[in-house]
Structures are given as C-alpha cells and as structure tokens.
Amino acid sequence: MKYTNFTKDKVKVSRLGFGLMRLPIIDNDNSLIDYKKSMELINLALENGITYFDTAYVYHSKQSEIFAGQALKDVRKDIKLATKCPVWLIEKEEDLDYLLDVELQKLQTDYIDFYLLHTLDREKFENVKKHNVYERAMKAKEAGKIRQLGFSFHDNLDLFKEIIDTYDFDFCQIQLNYLDEDYQAGLEGLRYAKAKGLSVVIMEPLRGGQLANLPKSMTDKLEGQTPASLGFSYLLDNDLVDVVLSGMNHKDQLLENIKVFSEVEPNSLDDQTKGKIDYLKNEMKSRIRINCTGCNYCMPCPAGVEIPEIFRAYNNKYIFEDEKKSVDTYARIAKRNGSQEACVECGQCESQCPQSLPIIEGLKAAHQDLSGGINEK
C-alpha cells in the first residue's frame with residue numbers, strides 16, 4: 001500500500017480510502033448493513049494496510065457511523081476516521097456541537113481525525129456562514145474533538161474557490177474521474193486547492209461504479225487491464241491527488257483496488273495506458289444519456305419515484321448495450337409504483353441534486369425510452 005502525508009500536519013494515511021457508504025446490505029435495505037460481510041471486508045482492508053476510513057452522518061440511513069464505531073474500535077489508534085457534519089440540519093450555532101457529539105458517540109471515539117462539512121453547495125454554504133458553523137467547528141478542533149477540518153463539495157468552480165478563500169480549511173473532498181475533469185471543482189479546482197495548501201480527497205473515482213462495469217465492446221480493447229484499474233490509475237498518476245475513496249462492497253473489488261494502489265505511483269503511466277483511458281473517456285461520453293452518479297441525495301422522493309434506479313437503467317441501455325435488461329428493470333420499477341408516471345413535478349429532487357441535473361425532464365425521457373413510448377409513435 002502506498003501512503004501520503006496528508007494536510008500540513010503531514011498525517012500518514014493510505015492513498016486508498018475505504019468509503020463506508022456502499023457496504024453489503026441485507027434484503028436490499030440500505031439501512032440493514034450486513035455486519036458479517038462488512039467486517040470481513042474491513043479486516044481484509046486492515047491486513048493490507050488501508051488506514052483511511054470514510055463515513056458520514058447520513059450514510060446507510062444513519063447506520064454507517066454506528067457500524068464504523070463497532071468495526072474499528074479495537075484498531076482506533078492505528079487508523080484514521082473521516083466523517084461529515086450534515087450542515088443542512090444546523091439551525092443555530094450549538095447544533096454543530098450536538099451533531100458532533102452524536103457522531104463521536106456513534107463512532108465510539110473521543111476525536112475525529114478528518115471532519116468535513118458535508119456536500120457544500122451555495123445554499124449549504126450560506127447556512128454555514130449564517131450560523132457560524134466554521135467558527136464553531138474550529139472551537140471543537142481547539143478542544144481536541146476534531147484533528148483536521150475540511151469540506152466535501154458539490155457545486156460550481158466559482159463557489160469552490162470562494163469557500164477556500166473564505167475559510168482556512170485543512171483539506172477538501174471533490175468528485176473527480178476521467179469523465180468529470182471539467183465538472184464541479186474538476187481539475188482546475190484540484191489545482192486551486194493544492195495551490196492554497198489544502199490536501200485533496202477524491203470521491204466518485206468510478207462514478208458510483210459506472211466506470212468499472214463496461215460492455216465487452218469496450219473492454220475488448222483494454223488488452224487485459226480492467227476498467228476499474230484504469231479509472232484508479234488515472235487518478236493515482238496525478239501527483240496532486242492525495243487520497244482516493246472507493247465504496248467497496250465485495251472482496252474481489254477490494255483486492256483489485258489494493259493491487260492497483262500498491263503499484264501505481266504519480267507520473268508513472270505509460271502512453272499505452274493513457275491511450276486506453278482516453279479511449280474509454282471518449283467512448284463513454286458518447287453513450288451516457290444523463291450524468292447521474294447514483295449518490296441518492298435526491299432520495300427519498302415524496303411521490304415514490306425511484307430516480308437513481310431509473311437513470312441507471314436508462315444509461316445502462318446505451319452503455320452496456322443491453323436493451324432487454326434495462327426495459328425489464330424499468331418494468332419492475334413501474335410495478336413498485338416507482339416509475340416516472342408517479343412524478344408530481346414537485347422539484348424537491350432537483351433542489352437536492354448536487355449536480356443540478358434536470359431530473360424531471362430526464363425522467364420523462366427515460367420513461368419514453370424504456371416504456372416503449374418511442375416505438376409506439
């Protein structure tokens with residue numbers, strides 16, 4: 001495993017961070033973490049030198065921190081914990097202290113190594129300023145409850161720079177992969193953060209798994225290299241990237257990632273590997289219909305529309321070249337009354353989407369495509 005000196009304090013952490021937002025679950029219920037399978041993954045990660053573990057207040061329906069506390073309590077001194085404050089719940093200054101104490105209790109620890117103000121966009125940033133959230137967090141840092149303070153980000157580049165210029169954060173977390181170089185903070189944001197002295201954590205390196213599961217028509221041209229390894233290699237080759245998160249929920253994923261993160265150094269990729277990445281980038285961009293990463297911030301929908309599942313089926317029809325599977329998936333969603341037909345266009349989903357996607361119109365297009373509407377005309 002490769003390590004990096006993280007933040008100005010040069011805290012040694014593994015470049016591969018274990019994201020605890022997509023753990024194995026029971027009966028397809030996101031709130032029911034399969035502790036046995038998940039613990040097997042945690043133990044394998046520890047055995048192979050992973051030291052950065054990332055969770056959040058809201059992950060797995062508020063169960064992820066509880067699992068992390070139980071799973072990592074015996075190795076607490078050997079690992080680094082990152083979790084996130086749900087700043088949208090803060091209505092007065094002291095709420096930060098309450099939420100932090102709840103998280104500390106769940107995590108069975110008296111300090112957080114890396115504490116992030118979660119998913120900042122314009123609205124949430126204004127709330128942070130209104131209720132002095134940063135100042136309150138700095139007091140908690142001075143008290144020893146927080147070691148390093150950062151933020152995760154989902155908005156445009158200008159706001160990203162504004163946040164960095166407004167407060168003195170230790171690190172930040174941004175979405176970046178070979179498809180999203182100019183999206184949100186993007187590569188320019190990465191460079192800006194590093195120039196300002198912040199360490200950077202990368203999330204969505206494989207776009208919620210999308211970049212790991214490609215059709216044979218694309219993988220045949222990779223000559224033995226896997227799509228996942230190429231996605232991670234793209235990031236690890238960049239010497240500005242400190243830590244890359246992966247939401248691993250299967251042993252094979254974990255072992256493959258460990259191998260890649262143990263081998264790839266910054267500025268080490270040859271032209272052949274870079275060419276494969278460029279090929280995938282261009283091919284994928286030509287196939288995607290709507291840029292949903294499946295983050296689930298739009299859920300739950302008050303009308304019961306299964307938004308991420310619909311978009312996944314819609315994109316998969318073109319990315320994976322499997323129309324029958326996508327149409328069948330949408331039919332099952334419709335049977336659960338979760339199709340676009342249940343949508344009342346309230347707009348709640350669009351206000352919550354960190355990528356500001358045109359969800360309502362996207363759902364209409366997906367419905368027409370996957371329900372046979374086009375063929376009926």
# chains A, B, ... in the order shown; residues from 1 in each chain; ligands from 1

$ select_by_dssp --residues "region 201-366 of chain A" --states "strand (DSSP E or B)" --output "number ranges by chain"
A: 201-203, 243-246

$ write_last_selection --atoms "N, CA and C atoms" --output "compact mmCIF listing (two decimals), in the first residue's frame"
# COMPACT_ATOMS: atom_id res chain seq x y z
N VAL A 201 -9.04 14.97 -1.20
CA VAL A 201 -9.59 13.62 -1.25
C VAL A 201 -10.51 13.55 -2.46
N ILE A 202 -10.42 12.46 -3.21
CA ILE A 202 -11.27 12.27 -4.40
C ILE A 202 -12.39 11.30 -4.10
N MET A 203 -13.63 11.71 -4.41
CA MET A 203 -14.78 10.81 -4.33
C MET A 203 -15.31 10.55 -5.74
N VAL A 243 -5.69 11.36 -1.56
CA VAL A 243 -6.41 10.14 -1.18
C VAL A 243 -7.57 9.93 -2.16
N VAL A 244 -7.81 8.69 -2.53
CA VAL A 244 -8.93 8.34 -3.40
C VAL A 244 -9.85 7.39 -2.64
N LEU A 245 -11.13 7.74 -2.55
CA LEU A 245 -12.10 6.90 -1.85
C LEU A 245 -12.71 5.87 -2.79
N SER A 246 -12.96 4.70 -2.25
CA SER A 246 -13.66 3.67 -3.01
C SER A 246 -14.68 3.01 -2.09

$ residues_around --residues "Gly209 (chain A)" --least-positions-apart "5" --cutoff "9 Å" --atoms "only C-alpha atoms" --output "list of chain:residue names"
A:Glu204, A:Ala228, A:Gly247, A:Thr293

$ atom_distance --atom1 "CA of Lys216 (chain A)" --atom2 "CA of Lys324 (chain A)"
16.5 Å

$ atom_distance --atom1 "CA of Val13 (chain A)" --atom2 "CA of Thr51 (chain A)"
5.8 Å

$ atom_distance --atom1 "CA of Cys298 (chain A)" --atom2 "CA of Cys353 (chain A)"
5.6 Å

$ closest_residue --among "A:Phe261, A:Asn177, A:Leu254, A:Glu123" --to "Leu46 (chain A)" --atoms "only C-alpha atoms"
A:Leu254

$ residues_around --residues "Glu126 (chain A)" --least-positions-apart "4" --cutoff "12 Å" --atoms "only C-alpha atoms" --output "list in words"
Val87, Trp88, Ile90, Glu91, Leu120, Asp121, Arg122, Lys130, His131, Asn132, Val133, Tyr134, Leu159, Glu162, Ile163 and Thr166 of chain A

$ write_last_selection --atoms "all heavy atoms" --output "compact mmCIF listing (two decimals), in the first residue's frame"
# COMPACT_ATOMS: atom_id res chain seq x y z
N VAL A 87 -24.59 19.76 7.52
CA VAL A 87 -24.75 21.19 7.82
C VAL A 87 -26.16 21.70 7.53
O VAL A 87 -26.57 22.73 8.07
CB VAL A 87 -23.71 22.03 7.05
CG1 VAL A 87 -22.31 21.68 7.51
CG2 VAL A 87 -23.84 21.82 5.55
N TRP A 88 -26.91 21.01 6.70
CA TRP A 88 -28.27 21.44 6.37
C TRP A 88 -29.22 21.28 7.56
O TRP A 88 -30.31 21.86 7.57
CB TRP A 88 -28.80 20.66 5.17
CG TRP A 88 -28.79 19.17 5.35
CD1 TRP A 88 -29.80 18.39 5.84
CD2 TRP A 88 -27.71 18.28 5.05
NE1 TRP A 88 -29.42 17.07 5.87
CE2 TRP A 88 -28.14 16.97 5.38
CE3 TRP A 88 -26.43 18.46 4.51
CZ2 TRP A 88 -27.33 15.85 5.21
CZ3 TRP A 88 -25.63 17.34 4.35
CH2 TRP A 88 -26.07 16.06 4.69
N ILE A 90 -28.35 22.24 10.60
CA ILE A 90 -27.97 23.24 11.60
C ILE A 90 -28.87 24.46 11.50
O ILE A 90 -28.95 25.11 10.46
CB ILE A 90 -26.49 23.63 11.44
CG1 ILE A 90 -25.60 22.43 11.79
CG2 ILE A 90 -26.15 24.83 12.30
CD1 ILE A 90 -24.12 22.67 11.61
N GLU A 91 -29.55 24.77 12.60
CA GLU A 91 -30.45 25.91 12.66
C GLU A 91 -30.00 26.96 13.67
O GLU A 91 -30.51 28.07 13.70
CB GLU A 91 -31.87 25.44 12.99
CG GLU A 91 -32.46 24.50 11.94
CD GLU A 91 -33.84 24.01 12.31
OE1 GLU A 91 -34.24 24.18 13.50
OE2 GLU A 91 -34.53 23.46 11.43
N LEU A 120 -21.13 20.70 0.51
CA LEU A 120 -21.39 22.14 0.39
C LEU A 120 -21.78 22.52 -1.03
O LEU A 120 -21.10 22.18 -1.99
CB LEU A 120 -20.16 22.94 0.83
CG LEU A 120 -19.78 22.88 2.31
CD1 LEU A 120 -18.75 23.96 2.63
CD2 LEU A 120 -21.00 23.02 3.22
N ASP A 121 -22.88 23.24 -1.12
CA ASP A 121 -23.29 23.94 -2.33
C ASP A 121 -23.63 25.36 -1.89
O ASP A 121 -23.38 25.74 -0.73
CB ASP A 121 -24.46 23.25 -3.02
CG ASP A 121 -25.66 23.05 -2.10
OD1 ASP A 121 -25.74 23.71 -1.04
OD2 ASP A 121 -26.53 22.22 -2.43
N ARG A 122 -24.18 26.18 -2.77
CA ARG A 122 -24.45 27.57 -2.40
C ARG A 122 -25.36 27.68 -1.18
O ARG A 122 -25.09 28.42 -0.23
CB ARG A 122 -25.05 28.32 -3.59
CG ARG A 122 -25.54 29.72 -3.30
CD ARG A 122 -24.45 30.62 -2.69
NE ARG A 122 -23.39 30.92 -3.64
CZ ARG A 122 -22.29 31.59 -3.32
NH1 ARG A 122 -22.10 32.02 -2.08
NH2 ARG A 122 -21.36 31.81 -4.25
N LYS A 130 -24.23 31.68 8.01
CA LYS A 130 -25.29 32.25 8.85
C LYS A 130 -25.17 31.81 10.30
O LYS A 130 -25.39 32.61 11.23
CB LYS A 130 -26.65 31.84 8.29
CG LYS A 130 -27.84 32.34 9.09
CD LYS A 130 -29.15 31.89 8.45
CE LYS A 130 -30.35 32.36 9.27
NZ LYS A 130 -31.64 31.90 8.64
N HIS A 131 -24.82 30.55 10.51
CA HIS A 131 -24.79 30.00 11.87
C HIS A 131 -23.37 29.78 12.40
O HIS A 131 -23.19 29.03 13.37
CB HIS A 131 -25.59 28.69 11.92
CG HIS A 131 -27.04 28.85 11.58
ND1 HIS A 131 -27.90 29.62 12.33
CD2 HIS A 131 -27.79 28.36 10.55
CE1 HIS A 131 -29.11 29.60 11.80
NE2 HIS A 131 -29.07 28.84 10.72
N ASN A 132 -22.40 30.44 11.78
CA ASN A 132 -21.02 30.38 12.27
C ASN A 132 -20.53 28.94 12.46
O ASN A 132 -19.87 28.61 13.46
CB ASN A 132 -20.86 31.16 13.57
CG ASN A 132 -21.17 32.63 13.41
OD1 ASN A 132 -20.73 33.27 12.45
ND2 ASN A 132 -21.96 33.19 14.33
N VAL A 133 -20.87 28.09 11.50
CA VAL A 133 -20.53 26.67 11.62
C VAL A 133 -19.02 26.46 11.61
O VAL A 133 -18.48 25.69 12.41
CB VAL A 133 -21.18 25.86 10.48
CG1 VAL A 133 -20.72 24.41 10.51
CG2 VAL A 133 -22.70 25.93 10.59
N TYR A 134 -18.32 27.18 10.75
CA TYR A 134 -16.87 27.03 10.68
C TYR A 134 -16.23 27.42 12.01
O TYR A 134 -15.39 26.69 12.55
CB TYR A 134 -16.29 27.87 9.55
CG TYR A 134 -14.77 27.88 9.52
CD1 TYR A 134 -14.06 26.88 8.85
CD2 TYR A 134 -14.05 28.89 10.15
CE1 TYR A 134 -12.67 26.89 8.82
CE2 TYR A 134 -12.66 28.91 10.13
CZ TYR A 134 -11.98 27.91 9.46
OH TYR A 134 -10.62 27.90 9.44
N LEU A 159 -17.86 28.81 -6.80
CA LEU A 159 -18.20 28.66 -5.37
C LEU A 159 -17.10 27.89 -4.64
O LEU A 159 -16.76 28.22 -3.50
CB LEU A 159 -19.54 27.94 -5.21
CG LEU A 159 -19.94 27.71 -3.74
CD1 LEU A 159 -20.13 29.03 -3.01
CD2 LEU A 159 -21.21 26.86 -3.66
N GLU A 162 -14.50 30.27 -3.81
CA GLU A 162 -14.99 31.19 -2.78
C GLU A 162 -14.91 30.57 -1.39
O GLU A 162 -14.51 31.23 -0.42
CB GLU A 162 -16.43 31.60 -3.09
CG GLU A 162 -17.03 32.58 -2.09
CD GLU A 162 -18.48 32.93 -2.40
OE1 GLU A 162 -18.90 32.77 -3.57
OE2 GLU A 162 -19.19 33.35 -1.46
N ILE A 163 -15.30 29.31 -1.28
CA ILE A 163 -15.24 28.62 0.01
C ILE A 163 -13.80 28.55 0.51
O ILE A 163 -13.51 28.84 1.69
CB ILE A 163 -15.85 27.21 -0.11
CG1 ILE A 163 -17.36 27.29 -0.36
CG2 ILE A 163 -15.58 26.40 1.17
CD1 ILE A 163 -18.00 25.97 -0.71
N THR A 166 -12.64 31.88 1.69
CA THR A 166 -13.36 32.42 2.85
C THR A 166 -12.84 31.84 4.16
O THR A 166 -12.68 32.56 5.15
CB THR A 166 -14.88 32.13 2.74
OG1 THR A 166 -15.38 32.70 1.53
CG2 THR A 166 -15.64 32.70 3.93

$ residues_around --residues "Ser38 (chain A)" --least-positions-apart "4" --cutoff "8 Å" --atoms "only C-alpha atoms" --output "JSON, numbers by chain"
{"A": [23, 24, 33, 34, 42, 249]}

$ write_last_selection --atoms "all heavy atoms" --output "PDB file, in the first residue's frame"
ATOM      1  N   LEU A  23     -21.714  -0.373   1.715  1.00  0.00           N
ATOM      2  CA  LEU A  23     -21.398  -1.651   2.343  1.00  0.00           C
ATOM      3  C   LEU A  23     -22.415  -2.722   1.947  1.00  0.00           C
ATOM      4  O   LEU A  23     -23.526  -2.403   1.502  1.00  0.00           O
ATOM      5  CB  LEU A  23     -21.389  -1.490   3.870  1.00  0.00           C
ATOM      6  CG  LEU A  23     -20.289  -0.594   4.448  1.00  0.00           C
ATOM      7  CD1 LEU A  23     -20.597  -0.241   5.900  1.00  0.00           C
ATOM      8  CD2 LEU A  23     -18.920  -1.267   4.335  1.00  0.00           C
ATOM      9  N   PRO A  24     -22.053  -3.997   2.084  1.00  0.00           N
ATOM     10  CA  PRO A  24     -23.034  -5.068   1.840  1.00  0.00           C
ATOM     11  C   PRO A  24     -24.254  -4.884   2.743  1.00  0.00           C
ATOM     12  O   PRO A  24     -24.112  -4.525   3.921  1.00  0.00           O
ATOM     13  CB  PRO A  24     -22.254  -6.338   2.218  1.00  0.00           C
ATOM     14  CG  PRO A  24     -20.817  -5.968   2.046  1.00  0.00           C
ATOM     15  CD  PRO A  24     -20.720  -4.528   2.435  1.00  0.00           C
ATOM     16  N   ILE A  33     -27.146  -2.980   7.324  1.00  0.00           N
ATOM     17  CA  ILE A  33     -25.777  -3.361   6.953  1.00  0.00           C
ATOM     18  C   ILE A  33     -25.538  -4.812   7.336  1.00  0.00           C
ATOM     19  O   ILE A  33     -25.875  -5.242   8.433  1.00  0.00           O
ATOM     20  CB  ILE A  33     -24.759  -2.446   7.658  1.00  0.00           C
ATOM     21  CG1 ILE A  33     -24.933  -0.996   7.193  1.00  0.00           C
ATOM     22  CG2 ILE A  33     -23.333  -2.913   7.408  1.00  0.00           C
ATOM     23  CD1 ILE A  33     -24.108   0.007   7.980  1.00  0.00           C
ATOM     24  N   ASP A  34     -24.974  -5.576   6.407  1.00  0.00           N
ATOM     25  CA  ASP A  34     -24.596  -6.954   6.694  1.00  0.00           C
ATOM     26  C   ASP A  34     -23.262  -6.910   7.453  1.00  0.00           C
ATOM     27  O   ASP A  34     -22.199  -6.772   6.860  1.00  0.00           O
ATOM     28  CB  ASP A  34     -24.446  -7.745   5.393  1.00  0.00           C
ATOM     29  CG  ASP A  34     -24.264  -9.238   5.627  1.00  0.00           C
ATOM     30  OD1 ASP A  34     -23.540  -9.600   6.577  1.00  0.00           O
ATOM     31  OD2 ASP A  34     -24.828 -10.041   4.862  1.00  0.00           O
ATOM     32  N   ILE A  42     -13.586  -5.124   6.117  1.00  0.00           N
ATOM     33  CA  ILE A  42     -12.789  -4.239   6.970  1.00  0.00           C
ATOM     34  C   ILE A  42     -11.499  -4.927   7.399  1.00  0.00           C
ATOM     35  O   ILE A  42     -10.401  -4.347   7.329  1.00  0.00           O
ATOM     36  CB  ILE A  42     -13.593  -3.815   8.213  1.00  0.00           C
ATOM     37  CG1 ILE A  42     -14.781  -2.936   7.812  1.00  0.00           C
ATOM     38  CG2 ILE A  42     -12.685  -3.085   9.217  1.00  0.00           C
ATOM     39  CD1 ILE A  42     -14.415  -1.594   7.250  1.00  0.00           C
ATOM     40  N   ASN A 249     -17.703  -3.077  -1.748  1.00  0.00           N
ATOM     41  CA  ASN A 249     -18.651  -3.960  -1.059  1.00  0.00           C
ATOM     42  C   ASN A 249     -18.470  -5.427  -1.420  1.00  0.00           C
ATOM     43  O   ASN A 249     -19.328  -6.254  -1.126  1.00  0.00           O
ATOM     44  CB  ASN A 249     -20.097  -3.527  -1.336  1.00  0.00           C
ATOM     45  CG  ASN A 249     -20.426  -3.474  -2.817  1.00  0.00           C
ATOM     46  OD1 ASN A 249     -19.845  -4.189  -3.629  1.00  0.00           O
ATOM     47  ND2 ASN A 249     -21.376  -2.619  -3.164  1.00  0.00           N
TER      48      ASN A 249
END

$ select_by_dssp --residues "region 83-292 of chain A" --states "alpha helix (DSSP H)" --output "ChimeraX atom specification"
/A:95-107,122-130,133-142,157-166,186-195,216-219,227-236,251-263,271-287

$ residues_around --residues "Leu20 (chain A)" --least-positions-apart "4" --cutoff "8 Å" --atoms "only C-alpha atoms" --output "short mmCIF file (atom, residue, chain, number, x, y, z; two decimals) with N, CA, C and O atoms, in the first residue's frame"
data_model
loop_
_atom_site.label_atom_id
_atom_site.label_comp_id
_atom_site.auth_asym_id
_atom_site.auth_seq_id
_atom_site.Cartn_x
_atom_site.Cartn_y
_atom_site.Cartn_z
N PHE A 53 -10.53 5.59 6.65
CA PHE A 53 -11.90 5.08 6.59
C PHE A 53 -12.86 6.27 6.65
O PHE A 53 -12.80 7.10 7.56
N ASP A 54 -13.75 6.33 5.66
CA ASP A 54 -14.62 7.49 5.46
C ASP A 54 -16.09 7.12 5.63
O ASP A 54 -16.59 6.20 4.99
N THR A 55 -16.78 7.85 6.50
CA THR A 55 -18.21 7.64 6.70
C THR A 55 -18.89 9.00 6.76
O THR A 55 -18.29 10.02 6.45
N TYR A 59 -24.98 8.32 5.88
CA TYR A 59 -24.76 7.10 5.10
C TYR A 59 -25.52 5.92 5.69
O TYR A 59 -25.61 5.76 6.92
N SER A 64 -24.17 3.95 9.12
CA SER A 64 -22.76 3.74 8.75
C SER A 64 -21.81 4.09 9.88
O SER A 64 -20.86 3.36 10.16
N ALA A 68 -19.14 1.72 11.71
CA ALA A 68 -17.72 2.09 11.76
C ALA A 68 -17.21 2.08 13.19
O ALA A 68 -16.09 1.61 13.46
N GLY A 247 -15.95 2.97 -2.54
CA GLY A 247 -17.01 2.34 -1.76
C GLY A 247 -17.07 0.86 -2.07
O GLY A 247 -17.92 0.40 -2.84
N MET A 248 -16.18 0.10 -1.48
CA MET A 248 -16.02 -1.32 -1.82
C MET A 248 -17.00 -2.19 -1.04
O MET A 248 -17.12 -2.08 0.17
#

$ residues_around --residues "Asp271 (chain A)" --least-positions-apart "6" --cutoff "12 Å" --atoms "only C-alpha atoms" --output "number ranges by chain"
A: 234, 277-278

$ residues_around --residues "region 105-110 of chain A" --least-positions-apart "4" --cutoff "10 Å" --atoms "only C-alpha atoms" --output "list of chain:residue names"
A:Thr55, A:Tyr57, A:Lys62, A:Gln63, A:Ser64, A:Glu65, A:Ile66, A:Phe67, A:Ala68, A:Gly69, A:Gln70, A:Ala71, A:Leu72, A:Lys73, A:Arg76, A:Leu81, A:Thr83, A:Leu99, A:Leu100, A:Asp101, A:Gly144, A:Lys145, A:Ile146

$ write_last_selection --atoms "C-alpha atoms" --output "short mmCIF file (atom, residue, chain, number, x, y, z; two decimals), in the first residue's frame"
data_model
loop_
_atom_site.label_atom_id
_atom_site.label_comp_id
_atom_site.auth_asym_id
_atom_site.auth_seq_id
_atom_site.Cartn_x
_atom_site.Cartn_y
_atom_site.Cartn_z
CA THR A 55 -18.21 7.64 6.70
CA TYR A 57 -23.89 11.08 9.46
CA LYS A 62 -27.61 6.93 9.62
CA GLN A 63 -26.24 3.44 10.32
CA SER A 64 -22.76 3.74 8.75
CA GLU A 65 -21.18 5.59 11.67
CA ILE A 66 -22.58 3.05 14.10
CA PHE A 67 -21.04 0.23 12.05
CA ALA A 68 -17.72 2.09 11.76
CA GLY A 69 -17.58 2.60 15.51
CA GLN A 70 -18.14 -1.08 16.16
CA ALA A 71 -15.84 -2.31 13.39
CA LEU A 72 -12.89 -0.04 14.09
CA LYS A 73 -12.93 0.49 17.87
CA ARG A 76 -8.76 3.10 16.56
CA LEU A 81 -11.51 8.24 10.72
CA THR A 83 -16.87 11.67 8.91
CA LEU A 99 -24.30 16.76 15.95
CA LEU A 100 -20.57 16.28 16.54
CA ASP A 101 -21.20 14.71 19.94
CA GLY A 144 -9.41 18.20 20.55
CA LYS A 145 -12.63 16.74 19.21
CA ILE A 146 -11.53 17.40 15.62
#

$ closest_residue --among "A:Ser61, A:Arg136, A:Glu309, A:Lys194" --to "Asp95 (chain A)" --atoms "only C-alpha atoms"
A:Arg136

$ closest_atom_pairs --of "region 179-216 of chain A" --to "region 355-367 of chain A" --cutoff "12 Å" --atoms "only C-alpha atoms" --output "tab-separated table"
residue	atom	partner	partner_atom	distance
A:Asp180	CA	A:Gln355	CA	11.3
A:Tyr183	CA	A:Gln355	CA	8.8
A:Gln184	CA	A:Gln355	CA	7.7
A:Ala185	CA	A:Gln355	CA	11.2

$ closest_residue --among "A:Lys8, A:Lys285, A:Lys2, A:Lys251" --to "Val264 (chain A)" --atoms "only C-alpha atoms"
A:Lys2

$ closest_residue --among "A:Val128, A:Cys172, A:Ile288, A:Leu89" --to "Glu321 (chain A)" --atoms "only C-alpha atoms"
A:Ile288

$ decode --residues "region 265-292 of chain A" --atoms "C-alpha atoms" --output "PDB file, in the first residue's frame"
ATOM      1  CA  GLU A 265       2.881   5.915  -8.460  1.00  0.00           C
ATOM      2  CA  PRO A 266       2.292   9.551  -9.515  1.00  0.00           C
ATOM      3  CA  ASN A 267       3.524  10.334 -13.039  1.00  0.00           C
ATOM      4  CA  SER A 268       4.146   6.673 -13.795  1.00  0.00           C
ATOM      5  CA  LEU A 269       1.642   5.732 -16.517  1.00  0.00           C
ATOM      6  CA  ASP A 270       2.992   4.858 -19.948  1.00  0.00           C
ATOM      7  CA  ASP A 271       1.495   6.166 -23.201  1.00  0.00           C
ATOM      8  CA  GLN A 272      -0.288   2.887 -23.894  1.00  0.00           C
ATOM      9  CA  THR A 273      -2.196   3.020 -20.604  1.00  0.00           C
ATOM     10  CA  LYS A 274      -3.018   6.688 -21.086  1.00  0.00           C
ATOM     11  CA  GLY A 275      -4.321   5.860 -24.554  1.00  0.00           C
ATOM     12  CA  LYS A 276      -6.702   3.265 -23.105  1.00  0.00           C
ATOM     13  CA  ILE A 277      -8.021   5.800 -20.627  1.00  0.00           C
ATOM     14  CA  ASP A 278      -8.586   8.348 -23.392  1.00  0.00           C
ATOM     15  CA  TYR A 279     -10.414   5.738 -25.440  1.00  0.00           C
ATOM     16  CA  LEU A 280     -12.752   4.896 -22.537  1.00  0.00           C
ATOM     17  CA  LYS A 281     -13.323   8.567 -21.808  1.00  0.00           C
ATOM     18  CA  ASN A 282     -14.394   9.388 -25.341  1.00  0.00           C
ATOM     19  CA  GLU A 283     -16.478   6.247 -25.790  1.00  0.00           C
ATOM     20  CA  MET A 284     -18.320   6.686 -22.503  1.00  0.00           C
ATOM     21  CA  LYS A 285     -19.100  10.333 -23.144  1.00  0.00           C
ATOM     22  CA  SER A 286     -20.714   9.393 -26.426  1.00  0.00           C
ATOM     23  CA  ARG A 287     -23.053   6.886 -24.726  1.00  0.00           C
ATOM     24  CA  ILE A 288     -24.277   8.473 -21.460  1.00  0.00           C
ATOM     25  CA  ARG A 289     -27.790   9.941 -21.561  1.00  0.00           C
ATOM     26  CA  ILE A 290     -27.936  11.666 -18.142  1.00  0.00           C
ATOM     27  CA  ASN A 291     -25.000  12.221 -15.819  1.00  0.00           C
ATOM     28  CA  CYS A 292     -26.425  10.678 -12.633  1.00  0.00           C
TER      29      CYS A 292
END
